[in-house]
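Participant: This is the structure, below, for whatever I ask next.
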Amino acid sequence: MPTPGLRQRLTELRGPGVRPRALDARALAALAANPGCRRRALLDGAGVDKAALAQALGSPAAYGRSQFAIVRGNAFEARVKADGGAELMRLLRERLRPDGAGPQEAAGDAETAVPDLSAAGPEGRAARTALALRAATEAGGWSLLDHPLLAVEVAGSPAYVEPDAVVVHPDGGWTVVEIKSFPMIDGAADAAKVGAAARQAAVYALALERVARQVAARTGRKVRVRDRVLLVCPKDFSNLPTAAAVDIRRQLSATRRQLARLTRVEEIAAALPPGTTFDLRLADDGTTATRPAGELATAVAAVDADYAPECLAACELAFHCRGRSREDGAVAALGRGLRGELGGLRTIGEVLAAAAGPPGPPERGAAPCGGDPDRPDSSDPLDDPAVTALRRAAALRAEALAGAAPVAGRRPEEPGCH
């Protein structure tokens with residue numbers, strides 16, 4: 001839990017009287033996929049509304065689920081959980097029944113308890129969920145927890161995530177259930193969407209592991225968060241539910257490692273200039289930002305970002321970061337793969353300067369990427385394969401253009417390539 005001093009600092013970053021924006025598993029999975037972005041770690045840790053901030057900066061996010069998709073998803077989830085989750089439990093026993101299961105584990109008509117998880121505030125709901133999981137594990141029967149709330153620490157700051165459901169097995173195992181509205185056609189769903197669902201489920205499983213350790217210590221029973229989750233989707237083009245077991249061991253390992261790498265929020269906040277805040281100074285209507293966009297841009301620029309094109313599908317500030325990255329000529333704006341291949345060349349200007357040199361290995365002592373050879377921190381590009389490859393490619397291109405046949409109708413002075 002954050003210290004009182006950190007809580008006060010996060011409140012200052014959001015602005016007085018601004019409620020923190022809750023994180024969901026989708027946001028946490030995206031944060032874990034880009035652990036080097038200190039900007040997102042700080043803004044999410046402080047609970048800043050990134051969508052409203054992007055709107056005030058003039059770069060609103062252009063993505064999100066349509067209202068139709070939300071309504072359809074809610075209707076499908078209600079159908080899956082109808083009658084005390086009878087259909088959901090049937091699918092779970094059918095898809096996740098372990099080999100050699102005992103009569104109680106395999107029984108298709110076993111009674112399922114559905115505990116009440118209502119409580120005041122996120123802390124109260126998380127505590128109520130932990131109590132319900134403990135009681136269900138002690139009881140040794142089937143239990144279905146509908147929308148439990150779980151706490152997870154992100155960069156030293158608590159966040160709350162809410163899975164669609166968690167099932168407690170008679171043997172003490174816990175299974176995460178993900179209900180999605182995209183179809184499963186002929187027993188298979190879109191691989192990208194399944195991967196995204198698996199990454200979200202991994203966040204839920206990590207949050208459950210902390211509760212499982214506490215429950216095991218108090219009850220003396222072996223509690224295991226299962227590494228296979230139940231993914232429930234519409235069957236073919238109907239609204240009938242079907243399900244598949246999804247192995248999330250790889251996503252669990254990656255998410256655990258990446259969340260551990262996130263710089264702690266207090267370290268990022270301590271490095272900010274005094275007085276930095278992301279307060280929008282909302283008008284009386286509660287939605288209109290009155291703070292000048294220039295001040296907000298300065299505050300945002302005080303925190304380093306790690307932009308890549310993949311951010312466009314996962315972060316509300318991606319369009320703002322893309323604009324700044326393009327202004328700086330950063331190679332990262334062209335993709336992480338290209339940035340990795342270019343090694344130490346970080347800007348497009350450096351890449352063009354490196355390519356403009358003579359073909360073959362550059363001369364020892366030459367300034368890399370147009371830099372100053374007398375600077376003590378200038379590295380020798382002699383052994384840089386990226387520079388060598390760029391210069392060789394530029395020479396081949398020039399040779400190809402020089403030997404190209406003239407195109408009919410083109411004036412001699414026209415360039416052969418744009």
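Going through the structure tokens in order, the chains are called A, B, and so on, while each chain numbers its residues from 1 and the ligands are numbered from 1 in the order shown.
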Quick one: residues within 9 Å of Thr129 (chain A), only C-alpha atoms, excluding same-chain residues fewer than 4 positions away - as a ChimeraX atom specification?
Facilitator: /A:116-118,124-125,133-134,145,148-150
Participant: Could you save those same residues with N, CA, C and O atoms as a compact mmCIF listing (two decimals), in the first residue's frame?
Facilitator:
```txt
# COMPACT_ATOMS: atom_id res chain seq x y z
N ASP A 116 -22.78 -13.57 -2.06
CA ASP A 116 -23.00 -12.15 -2.27
C ASP A 116 -21.69 -11.41 -2.04
O ASP A 116 -21.07 -11.54 -0.99
N LEU A 117 -21.27 -10.63 -3.02
CA LEU A 117 -19.99 -9.92 -2.93
C LEU A 117 -20.15 -8.42 -2.79
O LEU A 117 -19.18 -7.68 -2.93
N SER A 118 -21.34 -7.95 -2.52
CA SER A 118 -21.56 -6.51 -2.44
C SER A 118 -20.93 -5.94 -1.18
O SER A 118 -20.94 -6.56 -0.11
N GLY A 124 -13.60 -2.36 0.31
CA GLY A 124 -14.59 -3.24 0.93
C GLY A 124 -14.95 -4.42 0.04
O GLY A 124 -15.07 -5.56 0.52
N ARG A 125 -15.08 -4.18 -1.26
CA ARG A 125 -15.41 -5.28 -2.17
C ARG A 125 -14.26 -6.27 -2.27
O ARG A 125 -14.48 -7.48 -2.35
N LEU A 133 -13.86 -16.16 -0.94
CA LEU A 133 -12.96 -17.20 -1.43
C LEU A 133 -12.52 -18.12 -0.29
O LEU A 133 -12.42 -19.35 -0.47
N ARG A 134 -12.26 -17.55 0.86
CA ARG A 134 -11.86 -18.37 2.01
C ARG A 134 -12.99 -19.29 2.44
O ARG A 134 -12.77 -20.49 2.67
N LEU A 145 -18.15 -17.11 -8.04
CA LEU A 145 -18.05 -15.71 -7.63
C LEU A 145 -18.26 -14.83 -8.86
O LEU A 145 -17.44 -14.85 -9.79
N PRO A 148 -15.99 -10.77 -8.91
CA PRO A 148 -15.23 -10.45 -7.70
C PRO A 148 -14.25 -9.30 -7.98
O PRO A 148 -13.89 -9.04 -9.13
N LEU A 149 -13.83 -8.65 -6.93
CA LEU A 149 -12.87 -7.55 -7.06
C LEU A 149 -11.58 -7.97 -6.37
O LEU A 149 -11.59 -8.39 -5.21
N LEU A 150 -10.47 -7.82 -7.09
CA LEU A 150 -9.17 -8.27 -6.60
C LEU A 150 -8.19 -7.11 -6.63
O LEU A 150 -8.24 -6.27 -7.52
```
Participant: Write down as a PyMOL selection string the residues belonging to region 80-247 of chain A that are assigned strand (DSSP E or B) by DSSP computed on the backbone.
Facilitator: chain A and resi 112-113+142-146+150-154+157-161+165-168+173-179+184-185+188+224-225+228-235+241-247
Participant: Contacts of Leu280 (chain A) at 8 Å or less, counting only C-alpha atoms, minus same-chain residues fewer than 5 places along, as a ChimeraX atom specification?
Facilitator: /A:15,53,56,289-291,296
Participant: Go ahead and write the residues just picked, N, CA and C atoms, as a PDB file, in the first residue's frame.
Facilitator:
```pdb
ATOM      1  N   GLY A  15      -4.852  16.333  -9.169  1.00  0.00           N
ATOM      2  CA  GLY A  15      -5.555  17.582  -8.936  1.00  0.00           C
ATOM      3  C   GLY A  15      -6.468  17.444  -7.737  1.00  0.00           C
ATOM      4  N   LEU A  53      -7.182  13.689 -20.460  1.00  0.00           N
ATOM      5  CA  LEU A  53      -5.929  14.408 -20.663  1.00  0.00           C
ATOM      6  C   LEU A  53      -5.597  14.509 -22.149  1.00  0.00           C
ATOM      7  N   ALA A  56      -7.784  17.138 -23.741  1.00  0.00           N
ATOM      8  CA  ALA A  56      -7.338  18.501 -23.437  1.00  0.00           C
ATOM      9  C   ALA A  56      -6.078  18.872 -24.199  1.00  0.00           C
ATOM     10  N   ALA A 289     -12.110  21.072 -19.695  1.00  0.00           N
ATOM     11  CA  ALA A 289     -10.813  21.435 -19.116  1.00  0.00           C
ATOM     12  C   ALA A 289     -10.532  22.910 -19.374  1.00  0.00           C
ATOM     13  N   THR A 290     -10.127  23.636 -18.333  1.00  0.00           N
ATOM     14  CA  THR A 290      -9.830  25.061 -18.462  1.00  0.00           C
ATOM     15  C   THR A 290      -8.334  25.351 -18.412  1.00  0.00           C
ATOM     16  N   ARG A 291      -7.529  24.354 -18.118  1.00  0.00           N
ATOM     17  CA  ARG A 291      -6.087  24.588 -18.040  1.00  0.00           C
ATOM     18  C   ARG A 291      -5.513  24.681 -19.454  1.00  0.00           C
ATOM     19  N   LEU A 296      -0.282  21.705 -19.872  1.00  0.00           N
ATOM     20  CA  LEU A 296      -0.445  20.257 -19.770  1.00  0.00           C
ATOM     21  C   LEU A 296       0.634  19.530 -20.568  1.00  0.00           C
TER      22      LEU A 296
END
```
Participant: Taking 3 positions as the minimum chain separation for residues in the same chain, which residues sit within 8 Å of Arg21 (chain A) when counting only C-alpha atoms? Answer as a ChimeraX atom specification.
Facilitator: /A:44,47-49
Participant: If you keep N, CA and C atoms, can you produce a file of those selected residues as a PDB file, in the first residue's frame?
Facilitator:
```pdb
ATOM      1  N   ASP A  44      -1.029   5.999 -14.805  1.00  0.00           N
ATOM      2  CA  ASP A  44      -1.925   4.943 -14.337  1.00  0.00           C
ATOM      3  C   ASP A  44      -1.815   4.750 -12.838  1.00  0.00           C
ATOM      4  N   GLY A  47      -3.749   7.327 -11.142  1.00  0.00           N
ATOM      5  CA  GLY A  47      -5.181   7.332 -11.428  1.00  0.00           C
ATOM      6  C   GLY A  47      -5.623   8.497 -12.289  1.00  0.00           C
ATOM      7  N   VAL A  48      -4.727   9.024 -13.129  1.00  0.00           N
ATOM      8  CA  VAL A  48      -5.075  10.138 -14.015  1.00  0.00           C
ATOM      9  C   VAL A  48      -5.938   9.618 -15.161  1.00  0.00           C
ATOM     10  N   ASP A  49      -6.969  10.366 -15.508  1.00  0.00           N
ATOM     11  CA  ASP A  49      -7.834  10.013 -16.635  1.00  0.00           C
ATOM     12  C   ASP A  49      -7.096  10.371 -17.926  1.00  0.00           C
TER      13      ASP A  49
END
```
Participant: Please identify the alpha helix (DSSP H) residues within region 177-218 of chain A (assignment by DSSP from backbone atoms) and present them as a PyMOL selection string.
Facilitator: chain A and resi 191-218
